[in-house]
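One structure is given below, encoded as structure tokens.
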Amino acid sequence: MNTSVNIAGVEFKNPVMTASGTFGSGMEYSEFVDLNRLGAVVTKGVANVPWPGNPTPRVAEVYGGMLNAIGLQNPGIDVMIERDLPFLKDYDTKVIVNVCGKSTQDYVDVVERLSDEDSVHMLEINVSCPNVKEGGIAFGQNPDALYDITKEIKKHAKQPIIMKLSPNVTSISEMAKAAEAAGSDAISLINTITGMKIDIYKKTFAIANKTGGLSGPAIKPVAVRMVYEASRAVKIPIIGMGGICGAEDAIEFMLAGATAVAVGAMNFHDPYATINTIEGIERYLSEQGIEDINDIIGAVK
Amino acid sequence: MPKKKKIAAEVISQKVLAEGIMDLKLKTVLAEDANPGQFIGIYPKNKSTLLPRPISICEFDKSEQTLRIVYRIAGSGTAEFALYDDNTMVDILGILGNGFPTDKADAKDVLIIGGGIGVPPLLGLSKELFDKKAAKSVKMVMGYRNADTFLADEFSKYGDLYIATEDGSVGTKGNVIDACRENGIKADVIYACGPMPMLRGVASYAKEISAKAYISLEERMACGVGACLGCVCKTKNIDEHSHVNNARICTDGPVFDADDLEI
């Protein structure tokens, strides 16, 4: 049985990755799971300089999911290169670094710093975080801006790039096409959906930022629909994510057109969620008599 | 450091301790790794929930492999926990956090200050200090809303106990710092857990009496293992992990040296 998938020339032993921001740099969950078994570790977003993120409270649970407004707190690219990448290098898994920034130059700075890092196999470009005012989402909600930044990053990136798309747009197909036209090697979707929670007794917002990104099982149907639409609009591979809780969800995304999938908020519920998803996919393939996982990509009828 | 685990634990007993305060005992091997001031995540069974509820460990028995959890019913998750009968199996994540640095108590005058639902984790701490007999003296000041002074009788077994109540029904009328002043309590080391305004008061009282204060913080958290960066607190100096003065309460805390924090 073949469970490996190929994205832009990078071979992944299986299609299960970790969604950026939900797995740290892999270190935190290595106490629970053997990172060698993952298709890829996708790191938390990193910027050219350390970012402090938003005030607390930053997270709130909602029915079937959670809101977060971490605000892309990160220690900066220098620390990632000195501390996190050497840690990940010891594992037999692919490493995808998620890159964030406030300006095109910020993104380019990080991309260039990573260009000589052989342990980084792909770059995921976060233009879709709903929780920072500058940059980020500004690039991810306008197809022209997305095209321009993708084009610029492509000029500087040695590794293949994945533009991570926002669901907070009118047409996901249009955004997917813009990324593809500008040369993105793959796209990932969806980032979180902007939401809000109000404490009716204290009459305050549940998180300090007022709005936050909704993730978890509640967003899965939206994500599956968007992956399906994007897969019909572009030829580049898609990494699907949004509320994946296990193998059944992952397979749904792949049938909708995703080449790989990422487990996100579910890691917080079950630290073993990624491994359970991998094992569940293998069981599904075996039970269904499917020899090659690639046969299910986009196979929905 | 023992590895953290998500594991099923068995409810051995549960009772109401005071209005809205539950006393739950769990059987789990994780108890072998517990220290005073650490916490566990407890997962509601309700499928609409995603996140574990971080709850401090009140007491532990390593040989019997039990954890005692005293918690307030604050929302749907803890309301569900309150319904658990004996033999209910519940998923827990642990052991989490760093706990109180009990070695700082050696040959010192120790003051333990708790407020509200910050009181329970201090019971295990008081017991440990009592058992080790390392401290020169141990005084305890616990603050409550009213005469529902849960766990107070148990604290009094381990040292001199002073009580403050908001309504003045027991002990000093006012807060824990009022009780400290009223009784002229001084110390070299303070361990505290409670609401943030109380902890600010403790930090300032510690300065006043030239004591070191170790305080346990609380914040909304998601993962509990240091990955999501939801539960951070401001630190005075750049901390090694974040590089932006944002220590993680779940893994760098919940107990911090008050001198290191901007609170």
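Residues in the structure tokens are named by chain (A, B, ... in the order shown) and by number from 1 within that chain; ligands are numbered from 1 in the order shown.
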
request  = Please return, as a count of residues only, all residues of chain B lying within 7 Å of chain A when only C-alpha atoms are considered.
outcome  = 22

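Residues in contact with Asp178 (chain B) at up to 12 Å, not including ones fewer than 3 positions away on its chain and judged by only C-alpha atoms, are B:Ile113, B:Val141, B:Met142, B:Gly143, B:Tyr162, B:Ile163, B:Ala164, B:Thr165, B:Glu166, B:Gly168, B:Gly171, B:Thr172, B:Lys173, B:Gly174, B:Asn175, B:Arg181, B:Glu182, B:Asn183, B:Gly184, B:Ile185, B:Met198, B:Gly201, B:Val202, B:Tyr205.
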
ask   = Interatomic distance between CA of Gly9 (chain A) and CA of Val99 (chain A)?
value = 20.2 Å

query = If you run DSSP on the backbone, which residues of region 39-86 of chain B are strand (DSSP E), as number ranges by chain?
reply = B: 39-42, 53-56, 59-61, 66-72

With N, CA, C and O atoms retained, could you export that selection as a short mmCIF file (atom, residue, chain, number, x, y, z; two decimals), in the first residue's frame?
data_model
loop_
_atom_site.label_atom_id
_atom_site.label_comp_id
_atom_site.auth_asym_id
_atom_site.auth_seq_id
_atom_site.Cartn_x
_atom_site.Cartn_y
_atom_site.Cartn_z
N PHE B 39 -0.82 20.98 37.72
CA PHE B 39 -2.23 20.83 37.36
C PHE B 39 -2.41 19.75 36.30
O PHE B 39 -1.42 19.24 35.75
N ILE B 40 -3.66 19.40 36.07
CA ILE B 40 -3.97 18.46 34.98
C ILE B 40 -5.04 19.10 34.10
O ILE B 40 -5.72 20.04 34.52
N GLY B 41 -5.17 18.60 32.88
CA GLY B 41 -6.28 18.98 32.02
C GLY B 41 -7.32 17.88 32.11
O GLY B 41 -6.96 16.69 32.02
N ILE B 42 -8.55 18.23 32.34
CA ILE B 42 -9.62 17.22 32.35
C ILE B 42 -10.53 17.48 31.16
O ILE B 42 -10.97 18.63 30.94
N ARG B 53 -10.04 21.13 30.55
CA ARG B 53 -10.15 22.17 31.58
C ARG B 53 -8.95 22.05 32.51
O ARG B 53 -8.77 21.00 33.15
N PRO B 54 -8.13 23.10 32.56
CA PRO B 54 -6.98 23.03 33.46
C PRO B 54 -7.41 23.19 34.91
O PRO B 54 -8.05 24.18 35.26
N ILE B 55 -7.11 22.20 35.73
CA ILE B 55 -7.52 22.24 37.14
C ILE B 55 -6.34 21.83 38.01
O ILE B 55 -5.67 20.83 37.74
N SER B 56 -6.11 22.62 39.05
CA SER B 56 -4.94 22.37 39.89
C SER B 56 -5.14 21.12 40.74
O SER B 56 -6.26 20.73 41.05
N GLU B 59 -4.34 17.63 46.22
CA GLU B 59 -3.46 16.71 46.95
C GLU B 59 -3.17 15.51 46.05
O GLU B 59 -3.89 15.25 45.09
N PHE B 60 -2.12 14.78 46.39
CA PHE B 60 -1.80 13.57 45.63
C PHE B 60 -1.25 12.53 46.58
O PHE B 60 -0.66 12.87 47.62
N ASP B 61 -1.44 11.29 46.21
CA ASP B 61 -0.85 10.19 46.98
C ASP B 61 -0.14 9.29 45.97
O ASP B 61 -0.79 8.59 45.19
N THR B 66 -3.34 8.34 43.55
CA THR B 66 -4.56 9.13 43.51
C THR B 66 -4.26 10.62 43.45
O THR B 66 -3.25 11.08 44.00
N LEU B 67 -5.14 11.32 42.77
CA LEU B 67 -5.10 12.78 42.72
C LEU B 67 -6.40 13.29 43.30
O LEU B 67 -7.47 12.78 42.97
N ARG B 68 -6.28 14.31 44.17
CA ARG B 68 -7.49 14.95 44.68
C ARG B 68 -7.61 16.31 43.98
O ARG B 68 -6.66 17.10 43.98
N ILE B 69 -8.76 16.53 43.40
CA ILE B 69 -9.00 17.74 42.62
C ILE B 69 -10.18 18.49 43.26
O ILE B 69 -11.27 17.93 43.36
N VAL B 70 -9.95 19.70 43.70
CA VAL B 70 -11.04 20.50 44.25
C VAL B 70 -11.28 21.67 43.29
O VAL B 70 -10.37 22.46 43.04
N TYR B 71 -12.47 21.71 42.69
CA TYR B 71 -12.72 22.68 41.62
C TYR B 71 -14.06 23.38 41.81
O TYR B 71 -14.95 22.88 42.49
N ARG B 72 -14.15 24.54 41.19
CA ARG B 72 -15.41 25.30 41.23
C ARG B 72 -16.18 25.02 39.94
O ARG B 72 -15.61 24.97 38.85
#

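Interatomic distance, CA of Pro120 (chain B) against CA of Gly194 (chain B): 9.7 Å.
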
query = Can you tell me, as an NGL selection string, what residues are no more than 8 Å from Ser126 (chain B) when counting only C-alpha atoms, ignoring any on the same chain fewer than 3 positions away?
reply = :B and (112 or 122-123 or 129-130 or 155 or 158-159)

Selected residues, all heavy atoms, written as a compact mmCIF listing (two decimals), in the first residue's frame, please.
# COMPACT_ATOMS: atom_id res chain seq x y z
N ILE B 112 1.92 30.96 53.42
CA ILE B 112 1.15 30.42 52.29
C ILE B 112 -0.16 31.19 52.21
O ILE B 112 -0.91 31.24 53.19
CB ILE B 112 0.90 28.91 52.48
CG1 ILE B 112 2.25 28.17 52.52
CG2 ILE B 112 0.03 28.36 51.36
CD1 ILE B 112 2.14 26.69 52.81
N LEU B 122 -2.88 24.79 47.43
CA LEU B 122 -2.00 25.10 48.56
C LEU B 122 -2.10 24.06 49.67
O LEU B 122 -1.23 23.98 50.54
CB LEU B 122 -2.33 26.49 49.10
CG LEU B 122 -2.13 27.60 48.06
CD1 LEU B 122 -2.69 28.91 48.55
CD2 LEU B 122 -0.66 27.74 47.69
N LEU B 123 -3.14 23.23 49.63
CA LEU B 123 -3.27 22.19 50.64
C LEU B 123 -2.16 21.16 50.48
O LEU B 123 -1.49 20.78 51.45
CB LEU B 123 -4.65 21.53 50.58
CG LEU B 123 -4.91 20.51 51.68
CD1 LEU B 123 -4.92 21.17 53.06
CD2 LEU B 123 -6.24 19.77 51.47
N LEU B 129 5.17 20.58 52.96
CA LEU B 129 6.09 21.32 53.83
C LEU B 129 6.02 20.78 55.25
O LEU B 129 7.03 20.68 55.95
CB LEU B 129 5.75 22.82 53.82
CG LEU B 129 5.98 23.54 52.48
CD1 LEU B 129 5.61 25.01 52.60
CD2 LEU B 129 7.41 23.39 52.00
N PHE B 130 4.82 20.41 55.69
CA PHE B 130 4.63 19.84 57.03
C PHE B 130 5.37 18.50 57.14
O PHE B 130 6.10 18.26 58.10
CB PHE B 130 3.13 19.66 57.30
CG PHE B 130 2.83 19.07 58.64
CD1 PHE B 130 2.84 19.87 59.78
CD2 PHE B 130 2.54 17.71 58.79
CE1 PHE B 130 2.57 19.33 61.04
CE2 PHE B 130 2.27 17.16 60.02
CZ PHE B 130 2.27 17.97 61.15
N PHE B 155 -6.27 22.52 56.44
CA PHE B 155 -5.06 23.36 56.51
C PHE B 155 -4.54 23.45 57.94
O PHE B 155 -3.33 23.42 58.18
CB PHE B 155 -5.35 24.78 56.00
CG PHE B 155 -5.21 24.93 54.51
CD1 PHE B 155 -6.31 24.99 53.68
CD2 PHE B 155 -3.95 25.02 53.93
CE1 PHE B 155 -6.18 25.12 52.32
CE2 PHE B 155 -3.80 25.16 52.56
CZ PHE B 155 -4.92 25.20 51.74
N TYR B 158 -1.67 21.53 59.40
CA TYR B 158 -0.29 21.66 58.92
C TYR B 158 0.42 22.94 59.37
O TYR B 158 1.54 23.19 58.95
CB TYR B 158 -0.26 21.57 57.40
CG TYR B 158 -0.91 20.31 56.86
CD1 TYR B 158 -1.92 20.37 55.91
CD2 TYR B 158 -0.49 19.06 57.32
CE1 TYR B 158 -2.50 19.22 55.41
CE2 TYR B 158 -1.08 17.90 56.83
CZ TYR B 158 -2.09 17.98 55.88
OH TYR B 158 -2.66 16.84 55.39
N GLY B 159 -0.24 23.78 60.15
CA GLY B 159 0.42 25.01 60.57
C GLY B 159 -0.59 26.00 61.14
O GLY B 159 -1.76 25.67 61.32

key: Distance of CA of Ile190 (chain B) from CA of Val119 (chain B), expressed in Å to one decimal place   = 14.0 Å

query = Using only C-alpha atoms, which of B:Asp91, B:Asp23, B:Asp103, B:Asp160 sits nearest Ile7 (chain B)?
reply = B:Asp91

Every residue of region 168-203 of chain A that DSSP places in helix (DSSP H, G or I), as a PDB file with all heavy atoms, in the first residue's frame:
ATOM      1  N   ILE A 172     -13.049  31.841  -2.927  1.00  0.00           N
ATOM      2  CA  ILE A 172     -11.806  31.115  -2.659  1.00  0.00           C
ATOM      3  C   ILE A 172     -11.152  30.702  -3.991  1.00  0.00           C
ATOM      4  O   ILE A 172      -9.925  30.655  -4.096  1.00  0.00           O
ATOM      5  CB  ILE A 172     -12.053  29.884  -1.739  1.00  0.00           C
ATOM      6  CG1 ILE A 172     -10.732  29.360  -1.152  1.00  0.00           C
ATOM      7  CG2 ILE A 172     -12.778  28.772  -2.465  1.00  0.00           C
ATOM      8  CD1 ILE A 172     -10.161  30.167  -0.043  1.00  0.00           C
ATOM      9  N   SER A 173     -11.959  30.435  -5.006  1.00  0.00           N
ATOM     10  CA  SER A 173     -11.410  30.029  -6.310  1.00  0.00           C
ATOM     11  C   SER A 173     -10.565  31.142  -6.902  1.00  0.00           C
ATOM     12  O   SER A 173      -9.480  30.906  -7.450  1.00  0.00           O
ATOM     13  CB  SER A 173     -12.535  29.694  -7.291  1.00  0.00           C
ATOM     14  OG  SER A 173     -13.347  28.699  -6.752  1.00  0.00           O
ATOM     15  N   GLU A 174     -11.064  32.363  -6.766  1.00  0.00           N
ATOM     16  CA  GLU A 174     -10.340  33.508  -7.310  1.00  0.00           C
ATOM     17  C   GLU A 174      -8.980  33.658  -6.619  1.00  0.00           C
ATOM     18  O   GLU A 174      -7.964  33.926  -7.260  1.00  0.00           O
ATOM     19  CB  GLU A 174     -11.188  34.773  -7.066  1.00  0.00           C
ATOM     20  CG  GLU A 174     -10.838  35.926  -7.972  1.00  0.00           C
ATOM     21  CD  GLU A 174     -11.690  37.165  -7.661  1.00  0.00           C
ATOM     22  OE1 GLU A 174     -12.664  37.055  -6.894  1.00  0.00           O
ATOM     23  OE2 GLU A 174     -11.336  38.220  -8.161  1.00  0.00           O
ATOM     24  N   MET A 175      -8.972  33.458  -5.308  1.00  0.00           N
ATOM     25  CA  MET A 175      -7.719  33.574  -4.554  1.00  0.00           C
ATOM     26  C   MET A 175      -6.762  32.435  -4.936  1.00  0.00           C
ATOM     27  O   MET A 175      -5.556  32.660  -5.095  1.00  0.00           O
ATOM     28  CB  MET A 175      -7.994  33.538  -3.044  1.00  0.00           C
ATOM     29  CG  MET A 175      -8.900  34.646  -2.531  1.00  0.00           C
ATOM     30  SD  MET A 175      -8.354  36.322  -2.922  1.00  0.00           S
ATOM     31  CE  MET A 175      -6.926  36.479  -1.857  1.00  0.00           C
ATOM     32  N   ALA A 176      -7.306  31.245  -5.080  1.00  0.00           N
ATOM     33  CA  ALA A 176      -6.475  30.097  -5.462  1.00  0.00           C
ATOM     34  C   ALA A 176      -5.842  30.333  -6.829  1.00  0.00           C
ATOM     35  O   ALA A 176      -4.655  30.056  -7.048  1.00  0.00           O
ATOM     36  CB  ALA A 176      -7.321  28.828  -5.470  1.00  0.00           C
ATOM     37  N   LYS A 177      -6.640  30.883  -7.744  1.00  0.00           N
ATOM     38  CA  LYS A 177      -6.127  31.148  -9.098  1.00  0.00           C
ATOM     39  C   LYS A 177      -5.028  32.206  -9.071  1.00  0.00           C
ATOM     40  O   LYS A 177      -4.046  32.113  -9.807  1.00  0.00           O
ATOM     41  CB  LYS A 177      -7.272  31.635 -10.003  1.00  0.00           C
ATOM     42  CG  LYS A 177      -8.174  30.524 -10.508  1.00  0.00           C
ATOM     43  CD  LYS A 177      -9.213  31.140 -11.416  1.00  0.00           C
ATOM     44  CE  LYS A 177     -10.308  30.163 -11.770  1.00  0.00           C
ATOM     45  NZ  LYS A 177     -11.472  30.819 -12.356  1.00  0.00           N
ATOM     46  N   ALA A 178      -5.210  33.226  -8.233  1.00  0.00           N
ATOM     47  CA  ALA A 178      -4.199  34.292  -8.140  1.00  0.00           C
ATOM     48  C   ALA A 178      -2.874  33.720  -7.651  1.00  0.00           C
ATOM     49  O   ALA A 178      -1.803  34.060  -8.169  1.00  0.00           O
ATOM     50  CB  ALA A 178      -4.682  35.394  -7.206  1.00  0.00           C
ATOM     51  N   ALA A 179      -2.955  32.846  -6.650  1.00  0.00           N
ATOM     52  CA  ALA A 179      -1.728  32.233  -6.111  1.00  0.00           C
ATOM     53  C   ALA A 179      -1.057  31.371  -7.178  1.00  0.00           C
ATOM     54  O   ALA A 179       0.165  31.424  -7.365  1.00  0.00           O
ATOM     55  CB  ALA A 179      -2.059  31.397  -4.873  1.00  0.00           C
ATOM     56  N   GLU A 180      -1.863  30.602  -7.881  1.00  0.00           N
ATOM     57  CA  GLU A 180      -1.317  29.720  -8.919  1.00  0.00           C
ATOM     58  C   GLU A 180      -0.681  30.541 -10.050  1.00  0.00           C
ATOM     59  O   GLU A 180       0.438  30.262 -10.510  1.00  0.00           O
ATOM     60  CB  GLU A 180      -2.421  28.830  -9.492  1.00  0.00           C
ATOM     61  CG  GLU A 180      -1.923  27.867 -10.565  1.00  0.00           C
ATOM     62  CD  GLU A 180      -3.036  27.004 -11.141  1.00  0.00           C
ATOM     63  OE1 GLU A 180      -4.081  27.572 -11.547  1.00  0.00           O
ATOM     64  OE2 GLU A 180      -2.876  25.781 -11.177  1.00  0.00           O
ATOM     65  N   ALA A 181      -1.391  31.577 -10.469  1.00  0.00           N
ATOM     66  CA  ALA A 181      -0.897  32.398 -11.573  1.00  0.00           C
ATOM     67  C   ALA A 181       0.436  33.064 -11.223  1.00  0.00           C
ATOM     68  O   ALA A 181       1.281  33.279 -12.093  1.00  0.00           O
ATOM     69  CB  ALA A 181      -1.938  33.459 -11.932  1.00  0.00           C
TER      70      ALA A 181
END

query = Could you pull the residues within 12 Å of Ile296 (chain A), counting only C-alpha atoms, minus those fewer than 6 positions along the same chain, as a PyMOL selection string?
reply = chain A and resi 2-3+5+15+250-260+281+284-285+288-290

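Nearest to Gln38 (chain B) of all the residues B:Asn245, B:Ser156, B:Ser216, B:Asn146 is B:Ser216, based on only C-alpha atoms.
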
ask   = Using only C-alpha atoms, which residues sit within 12 Å of Glu10 (chain B) once same-chain residues fewer than 5 positions away are excluded, as a VMD selection string?
value = chain B and resid 24 to 30 42 65 to 68 84 to 92

Residues of the last selection are to be written out with C-alpha atoms, as an mmCIF file, in the first residue's frame.
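New file again-v5.cif:
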data_model
loop_
_atom_site.group_PDB
_atom_site.id
_atom_site.type_symbol
_atom_site.label_atom_id
_atom_site.label_comp_id
_atom_site.auth_asym_id
_atom_site.auth_seq_id
_atom_site.Cartn_x
_atom_site.Cartn_y
_atom_site.Cartn_z
ATOM 1 C CA LEU B 24 -13.044 14.813 43.293
ATOM 2 C CA LYS B 25 -10.614 11.958 43.745
ATOM 3 C CA LEU B 26 -9.101 10.245 40.707
ATOM 4 C CA LYS B 27 -7.115 7.036 40.443
ATOM 5 C CA THR B 28 -4.281 7.444 37.937
ATOM 6 C CA VAL B 29 -0.652 6.497 37.502
ATOM 7 C CA LEU B 30 0.033 10.152 36.726
ATOM 8 C CA ILE B 42 -9.621 17.215 32.350
ATOM 9 C CA GLN B 65 -1.847 6.631 42.735
ATOM 10 C CA THR B 66 -4.564 9.126 43.506
ATOM 11 C CA LEU B 67 -5.096 12.777 42.720
ATOM 12 C CA ARG B 68 -7.488 14.954 44.680
ATOM 13 C CA TYR B 84 -19.467 11.989 37.598
ATOM 14 C CA ASP B 85 -20.079 9.034 39.880
ATOM 15 C CA ASP B 86 -17.606 6.537 41.252
ATOM 16 C CA ASN B 87 -16.049 4.372 38.542
ATOM 17 C CA THR B 88 -16.611 6.968 35.817
ATOM 18 C CA MET B 89 -13.624 6.955 33.490
ATOM 19 C CA VAL B 90 -12.404 10.390 32.467
ATOM 20 C CA ASP B 91 -9.609 11.472 30.108
ATOM 21 C CA ILE B 92 -6.946 13.598 31.706
#
